[in-house]
$ cat target_28.cif   # mmCIF, C-alpha atoms and all ligand atoms
data_upload
loop_
_atom_site.label_atom_id
_atom_site.label_comp_id
_atom_site.auth_asym_id
_atom_site.auth_seq_id
_atom_site.Cartn_x
_atom_site.Cartn_y
_atom_site.Cartn_z
CA MET K 1 -36.92 -41.69 42.01
CA GLU K 2 -33.98 -39.23 42.10
CA ASP K 3 -35.24 -38.05 45.48
CA TYR K 4 -35.26 -41.62 46.78
CA ARG K 5 -31.79 -42.24 45.36
CA LEU K 6 -30.43 -39.26 47.26
CA LEU K 7 -32.39 -39.98 50.43
CA THR K 8 -31.19 -43.58 50.36
CA ASP K 9 -27.63 -42.38 49.84
CA LEU K 10 -27.90 -40.04 52.82
CA HIS K 11 -29.45 -42.56 55.20
CA LYS K 12 -28.29 -46.04 54.28
CA ASN K 13 -24.95 -45.98 56.11
CA ALA K 14 -26.56 -44.86 59.36
CA ASP K 15 -27.41 -47.26 62.18
CA ARG K 16 -30.97 -46.06 62.07
CA GLN K 17 -33.18 -43.99 59.77
CA GLY K 18 -35.35 -42.35 62.42
CA PRO K 19 -35.40 -41.45 66.13
CA GLY K 20 -35.14 -44.45 68.46
CA GLY K 21 -32.69 -46.48 70.49
CA ASP K 22 -31.75 -50.01 71.49
CA ALA K 23 -32.74 -49.44 75.12
CA GLU K 24 -36.12 -48.11 73.98
CA THR K 25 -36.72 -51.05 71.63
CA GLU K 26 -35.94 -53.39 74.53
CA LYS K 27 -38.22 -51.41 76.83
CA ALA K 28 -41.07 -51.82 74.32
CA LEU K 29 -40.34 -55.56 74.13
CA ASP K 30 -40.65 -55.77 77.93
CA LEU K 31 -43.80 -53.63 78.13
CA ALA K 32 -45.36 -55.81 75.43
CA MET K 33 -44.65 -58.81 77.73
CA ILE K 34 -43.35 -60.77 74.78
CA ASP K 35 -41.98 -64.19 75.70
CA ARG K 36 -38.38 -63.98 74.49
CA THR K 37 -38.00 -67.75 74.40
CA ALA K 38 -41.07 -68.49 72.26
CA PRO K 39 -40.68 -69.13 68.51
CA LEU K 40 -42.88 -66.15 67.59
CA LYS K 41 -43.37 -64.58 64.17
CA ILE K 42 -42.72 -60.83 64.04
CA ALA K 43 -43.22 -58.47 61.09
CA ASP K 44 -41.02 -55.35 61.34
CA ILE K 45 -42.65 -52.91 58.93
CA GLY K 46 -40.61 -50.00 57.53
CA CYS K 47 -37.49 -51.60 58.99
CA GLY K 48 -34.89 -49.46 57.17
CA THR K 49 -31.42 -50.93 57.65
CA GLY K 50 -32.68 -52.94 60.59
CA ALA K 51 -32.02 -51.10 63.86
CA SER K 52 -35.00 -52.75 65.55
CA THR K 53 -34.99 -55.94 63.45
CA LEU K 54 -31.45 -56.88 64.46
CA LEU K 55 -32.03 -56.15 68.13
CA LEU K 56 -35.29 -58.12 68.21
CA ALA K 57 -33.50 -61.01 66.53
CA ARG K 58 -30.75 -60.86 69.16
CA LEU K 59 -33.09 -60.56 72.13
CA SER K 60 -35.75 -63.08 71.21
CA ASN K 61 -36.29 -66.46 69.69
CA ALA K 62 -38.58 -64.97 67.04
CA ARG K 63 -38.41 -65.24 63.27
CA ILE K 64 -38.67 -61.78 61.78
CA THR K 65 -39.96 -60.61 58.42
CA ALA K 66 -38.30 -57.25 57.77
CA VAL K 67 -40.28 -55.13 55.32
CA ASP K 68 -39.20 -52.00 53.49
CA PHE K 69 -39.88 -50.50 50.07
CA LEU K 70 -36.25 -49.42 49.58
CA ALA K 71 -34.18 -52.37 48.37
CA ASP K 72 -30.89 -50.67 49.26
CA PHE K 73 -31.87 -50.55 52.94
CA LEU K 74 -32.77 -54.24 52.91
CA GLU K 75 -29.43 -55.07 51.31
CA VAL K 76 -27.62 -53.31 54.16
CA LEU K 77 -29.83 -55.10 56.69
CA GLU K 78 -28.97 -58.47 55.14
CA LYS K 79 -25.23 -57.71 55.33
CA ARG K 80 -25.53 -56.60 58.95
CA ALA K 81 -27.55 -59.71 59.83
CA LYS K 82 -24.92 -61.93 58.22
CA ARG K 83 -22.09 -60.23 60.11
CA MET K 84 -23.98 -60.69 63.37
CA GLY K 85 -24.87 -64.32 62.68
CA LEU K 86 -28.60 -63.51 62.63
CA SER K 87 -29.47 -64.32 59.01
CA ASP K 88 -31.34 -67.51 59.96
CA LYS K 89 -33.83 -65.50 61.99
CA ILE K 90 -34.51 -62.69 59.50
CA THR K 91 -36.22 -62.70 56.10
CA THR K 92 -36.33 -59.45 54.17
CA LEU K 93 -39.36 -58.48 52.11
CA HIS K 94 -39.15 -55.74 49.50
CA CYS K 95 -42.69 -54.44 49.53
CA SER K 96 -44.84 -51.43 50.29
CA MET K 97 -46.50 -51.36 53.69
CA ASP K 98 -49.87 -50.65 52.08
CA ASN K 99 -49.72 -53.82 49.98
CA LEU K 100 -48.43 -56.53 52.30
CA PRO K 101 -48.74 -60.11 51.06
CA PHE K 102 -49.37 -61.56 54.53
CA GLY K 103 -52.09 -64.02 55.41
CA ASP K 104 -54.80 -63.44 58.01
CA GLU K 105 -53.54 -64.02 61.56
CA GLU K 106 -50.05 -64.87 60.32
CA TYR K 107 -48.09 -62.88 62.91
CA ASP K 108 -47.79 -62.85 66.70
CA VAL K 109 -46.32 -59.35 66.70
CA ILE K 110 -46.37 -56.39 64.34
CA TRP K 111 -43.54 -53.98 65.05
CA SER K 112 -42.99 -50.63 63.33
CA GLU K 113 -40.63 -47.87 64.46
CA GLY K 114 -40.88 -44.42 62.91
CA ALA K 115 -42.58 -45.66 59.77
CA ILE K 116 -46.37 -45.99 60.09
CA TYR K 117 -46.79 -42.27 59.27
CA ASN K 118 -46.02 -43.15 55.67
CA ILE K 119 -49.54 -44.54 55.30
CA GLY K 120 -51.01 -42.80 58.36
CA PHE K 121 -51.46 -44.19 61.87
CA GLU K 122 -55.17 -45.00 61.59
CA LYS K 123 -54.87 -46.69 58.19
CA GLY K 124 -51.83 -48.64 59.35
CA VAL K 125 -53.30 -49.99 62.57
CA THR K 126 -56.58 -50.81 60.81
CA ASP K 127 -55.07 -52.49 57.74
CA TRP K 128 -52.42 -54.43 59.64
CA LYS K 129 -54.79 -55.79 62.27
CA ARG K 130 -55.91 -58.73 60.16
CA PHE K 131 -52.31 -59.99 59.93
CA LEU K 132 -52.18 -60.36 63.73
CA LYS K 133 -53.33 -63.44 65.59
CA ALA K 134 -56.10 -62.89 68.15
CA GLY K 135 -54.34 -61.60 71.26
CA GLY K 136 -51.33 -60.64 69.11
CA THR K 137 -49.30 -57.53 69.87
CA LEU K 138 -48.83 -54.28 68.01
CA VAL K 139 -45.83 -52.05 68.77
CA VAL K 140 -45.65 -48.80 66.80
CA SER K 141 -43.90 -45.51 67.30
CA GLU K 142 -45.67 -42.43 66.05
CA ILE K 143 -44.90 -38.71 66.11
CA THR K 144 -47.04 -37.29 68.93
CA TRP K 145 -47.82 -33.93 70.51
CA MET K 146 -46.64 -33.83 74.13
CA THR K 147 -48.46 -30.60 74.99
CA ASP K 148 -52.04 -29.45 74.66
CA SER K 149 -51.21 -26.29 72.71
CA ARG K 150 -48.26 -25.46 70.51
CA PRO K 151 -46.53 -22.39 69.02
CA ALA K 152 -48.14 -21.51 65.67
CA GLU K 153 -44.89 -22.04 63.71
CA LEU K 154 -44.61 -25.60 64.97
CA GLN K 155 -48.27 -26.42 64.50
CA LYS K 156 -48.13 -25.19 60.91
CA HIS K 157 -44.99 -27.15 60.09
CA TRP K 158 -46.26 -30.52 61.34
CA GLU K 159 -49.78 -30.08 60.04
CA GLY K 160 -48.17 -29.55 56.63
CA GLU K 161 -45.86 -32.57 57.01
CA TYR K 162 -48.26 -34.95 58.74
CA PRO K 163 -51.83 -33.80 59.38
CA GLU K 164 -52.51 -36.89 61.51
CA ILE K 165 -50.09 -35.73 64.24
CA ASP K 166 -52.05 -35.67 67.51
CA ASN K 167 -51.69 -36.22 71.26
CA ALA K 168 -51.33 -39.60 72.93
CA SER K 169 -54.92 -39.75 74.20
CA SER K 170 -56.21 -39.38 70.63
CA LYS K 171 -53.83 -42.03 69.29
CA THR K 172 -54.84 -44.40 72.07
CA GLY K 173 -58.47 -43.68 71.18
CA VAL K 174 -57.76 -44.68 67.58
CA LEU K 175 -56.37 -47.98 68.83
CA GLU K 176 -59.42 -48.62 71.05
CA LYS K 177 -61.83 -47.71 68.26
CA ASN K 178 -60.15 -50.17 65.94
CA GLY K 179 -60.19 -53.28 68.10
CA TYR K 180 -57.01 -53.00 70.13
CA ILE K 181 -56.45 -52.85 73.90
CA PRO K 182 -53.67 -50.33 74.63
CA ILE K 183 -51.36 -51.91 77.21
CA GLY K 184 -48.39 -49.59 77.23
CA TYR K 185 -47.09 -46.20 76.17
CA PHE K 186 -43.89 -44.25 76.61
CA VAL K 187 -42.15 -41.29 75.02
CA LEU K 188 -38.81 -41.46 73.23
CA PRO K 189 -36.32 -39.29 75.17
CA GLU K 190 -34.19 -36.61 73.57
CA HIS K 191 -31.10 -38.78 73.08
CA CYS K 192 -33.11 -40.97 70.68
CA TRP K 193 -33.43 -37.92 68.42
CA MET K 194 -30.15 -36.08 68.88
CA GLU K 195 -27.46 -38.64 69.70
CA ASN K 196 -28.91 -41.62 67.90
CA TYR K 197 -30.31 -39.97 64.79
CA TYR K 198 -29.72 -36.28 64.09
CA ARG K 199 -26.04 -35.94 65.15
CA PRO K 200 -24.80 -38.92 63.09
CA MET K 201 -26.82 -37.56 60.15
CA GLN K 202 -25.26 -34.11 60.52
CA ASP K 203 -21.82 -35.72 60.68
CA SER K 204 -22.50 -37.35 57.31
CA PHE K 205 -23.65 -34.19 55.45
CA ASN K 206 -20.22 -33.22 54.07
CA ASP K 207 -19.46 -36.66 52.66
CA PHE K 208 -22.99 -36.87 51.23
CA LEU K 209 -22.61 -33.53 49.45
CA ARG K 210 -19.17 -34.48 48.14
CA ARG K 211 -20.40 -37.85 46.83
CA ASN K 212 -23.21 -36.08 45.02
CA GLY K 213 -21.15 -33.30 43.45
CA ASN K 214 -22.66 -30.68 45.76
CA SER K 215 -25.74 -30.72 43.51
CA ASP K 216 -28.72 -28.46 44.14
CA GLU K 217 -30.86 -31.53 44.88
CA ALA K 218 -28.40 -32.85 47.47
CA ARG K 219 -28.07 -29.41 49.02
CA ALA K 220 -31.87 -29.09 49.23
CA ILE K 221 -32.06 -32.38 51.12
CA VAL K 222 -29.40 -31.28 53.60
CA ASP K 223 -31.15 -27.92 54.08
CA ALA K 224 -34.50 -29.61 54.74
CA GLU K 225 -32.96 -32.03 57.26
CA GLN K 226 -31.11 -29.17 58.94
CA GLN K 227 -34.36 -27.19 59.27
CA GLU K 228 -36.08 -30.20 60.80
CA ILE K 229 -33.24 -30.52 63.34
CA GLU K 230 -33.43 -26.83 64.25
CA LEU K 231 -37.19 -27.09 64.68
CA TYR K 232 -36.71 -30.06 67.00
CA GLU K 233 -34.08 -28.26 69.07
CA LYS K 234 -36.33 -25.22 69.42
CA TYR K 235 -39.58 -27.03 70.20
CA LYS K 236 -38.63 -30.44 71.61
CA THR K 237 -40.83 -30.07 74.68
CA HIS K 238 -43.88 -30.07 72.42
CA TYR K 239 -43.39 -33.27 70.42
CA SER K 240 -41.64 -36.59 70.27
CA TYR K 241 -42.30 -40.11 69.16
CA GLY K 242 -44.74 -41.97 71.35
CA VAL K 243 -44.33 -45.74 71.49
CA TYR K 244 -47.74 -47.46 71.54
CA ILE K 245 -48.16 -51.05 72.61
CA ALA K 246 -51.52 -52.75 72.15
CA ARG K 247 -53.14 -56.18 72.01
CA LYS K 248 -55.49 -57.23 69.25
CA LEU K 249 -58.90 -57.75 70.81
CA ASP K 250 -60.38 -60.50 68.66
C1 LIG W 301 -37.98 -43.01 59.39
S1 LIG W 301 -37.51 -44.52 58.61
C2 LIG W 301 -37.46 -45.66 60.00
C3 LIG W 301 -36.64 -46.88 59.70
C4 LIG W 301 -36.40 -47.84 60.87
N1 LIG W 301 -37.62 -48.40 61.37
C5 LIG W 301 -35.66 -47.13 61.98
O1 LIG W 301 -36.28 -46.80 63.01
O2 LIG W 301 -34.45 -46.91 61.82
C6 LIG W 301 -38.98 -45.02 57.73
C7 LIG W 301 -38.78 -46.27 56.89
O3 LIG W 301 -40.01 -46.58 56.24
C8 LIG W 301 -39.72 -46.97 54.90
N2 LIG W 301 -40.92 -46.71 54.10
C9 LIG W 301 -41.45 -45.51 53.73
N3 LIG W 301 -42.59 -45.69 53.04
C10 LIG W 301 -42.77 -47.03 52.94
C11 LIG W 301 -43.76 -47.84 52.34
N4 LIG W 301 -44.80 -47.32 51.70
N5 LIG W 301 -43.64 -49.19 52.46
C12 LIG W 301 -42.59 -49.75 53.11
N6 LIG W 301 -41.61 -49.02 53.71
C13 LIG W 301 -41.71 -47.69 53.62
C14 LIG W 301 -38.53 -46.13 54.51
O4 LIG W 301 -37.83 -46.69 53.41
C15 LIG W 301 -37.74 -46.14 55.80
O5 LIG W 301 -36.87 -47.24 55.86
#

$ encode --input "target_28.cif" --output "structure tokens"
Amino acid sequence: MEDYRLLTDLHKNADRQGPGGDAETEKALDLAMIDRTAPLKIADIGCGTGASTLLLARLSNARITAVDFLADFLEVLEKRAKRMGLSDKITTLHCSMDNLPFGDEEYDVIWSEGAIYNIGFEKGVTDWKRFLKAGGTLVVSEITWMTDSRPAELQKHWEGEYPEIDNASSKTGVLEKNGYIPIGYFVLPEHCWMENYYRPMQDSFNDFLRRNGNSDEARAIVDAEQQEIELYEKYKTHYSYGVYIARKLD
């Protein structure tokens, strides 16, 4: 748990815990053709401190269940929701995404930004399908190869981190094979990584190290994040997050 304590400490004061952006969340909402006035039920899985949850609550008339397995993130989300007057629309759920207590066909929309990789894309879209109503909508972002072949260093890194990384046509195929109709796809642009996620994180490194007594563990986390950032800057043409939007078939 020490690792989680430090990771939570590094990330919980940030607006978001992964690449993304408000404009991109809104773009996904539009591509999904979600009726903003309807009293829909949305589950936001792996919500972190609520970057997408809060925006969806602001932009729609939906009630949102915000799920994360880190209680500290949910606490921040609750405070942010209160400050923004959105608490009535958001319920937090402290739970793992592979053990969700939802009923069959309970949700109109399942939303998940930068989080499904924790259980794997195929397992996530398969397991979560039963929680969606027939004709319900899935919106997930997933790390995706943008090019057909990659430098060996990059291939090795991501295959070690996440063997399920693949190109968009394969991910779309996984959706089709598992009873979804893909209806939209776009790629997160660079600012979603650098300006919205990596730069604010880098700006917080010194305070994080100071708070944690410059410990070896804290230093190791900063080094690992820094390496990930350098890899992104070097090879950003080859990968990004793809945002996949699909309808449940039956
Ligand atoms: C990269 S962050 C993305 C957070 C948020 N969606 C965003 O875009 O800012 C991944 C999130 O998934 C959560 N997470 C990781 N494994 C999980 C699990 N098994 N069940 C629920 N949440 C999990 C983490 O705590 C974290 O908040």

$ atom_distance --input "target_28.cif" --atom1 "CA of Leu154 (chain K)" --atom2 "CA of Ser240 (chain K)"
12.6 Å

$ closest_residue --input "target_28.cif" --among "K:Ser87, K:Ser215, K:Thr8, K:Thr37" --to "ligand LIG 301 (chain W)" --atoms "only C-alpha atoms and all ligand atoms"
K:Thr8

$ atom_distance --input "target_28.cif" --atom1 "atom O2 of ligand LIG 301 (chain W)" --atom2 "CA of Glu105 (chain K)"
25.6 Å

$ residues_around --input "target_28.cif" --residues "Lys248 (chain K)" --least-positions-apart "6" --cutoff "9 Å" --atoms "all atoms listed in the file" --output "list in words"
Lys129, Leu132, Lys133, Ala134, Gly135, Gly136, Thr137, Leu138, Gly179, Tyr180, Ile181 and Pro182 of chain K

$ closest_atom_pairs --input "target_28.cif" --of "chain K" --to "ligand LIG 301 (chain W)" --cutoff "6 Å" --atoms "only C-alpha atoms and all ligand atoms" --output "Markdown table"
| residue | atom | partner | partner_atom | distance |
| --- | --- | --- | --- | --- |
| K:Arg16 | CA | W:LIG301 | O2 | 3.6 |
| K:Gln17 | CA | W:LIG301 | O2 | 3.8 |
| K:Gly18 | CA | W:LIG301 | C1 | 4.1 |
| K:Gly46 | CA | W:LIG301 | O3 | 3.7 |
| K:Cys47 | CA | W:LIG301 | N1 | 4.0 |
| K:Gly48 | CA | W:LIG301 | O5 | 3.3 |
| K:Ala51 | CA | W:LIG301 | O2 | 5.3 |
| K:Asp68 | CA | W:LIG301 | N6 | 3.8 |
| K:Phe69 | CA | W:LIG301 | C12 | 4.1 |
| K:Leu70 | CA | W:LIG301 | O4 | 5.0 |
| K:Cys95 | CA | W:LIG301 | C12 | 5.9 |
| K:Ser96 | CA | W:LIG301 | N5 | 3.3 |
| K:Met97 | CA | W:LIG301 | N5 | 3.8 |
| K:Glu113 | CA | W:LIG301 | N1 | 4.3 |
| K:Gly114 | CA | W:LIG301 | C2 | 4.7 |
| K:Ala115 | CA | W:LIG301 | C6 | 4.2 |
| K:Asn118 | CA | W:LIG301 | N3 | 5.0 |
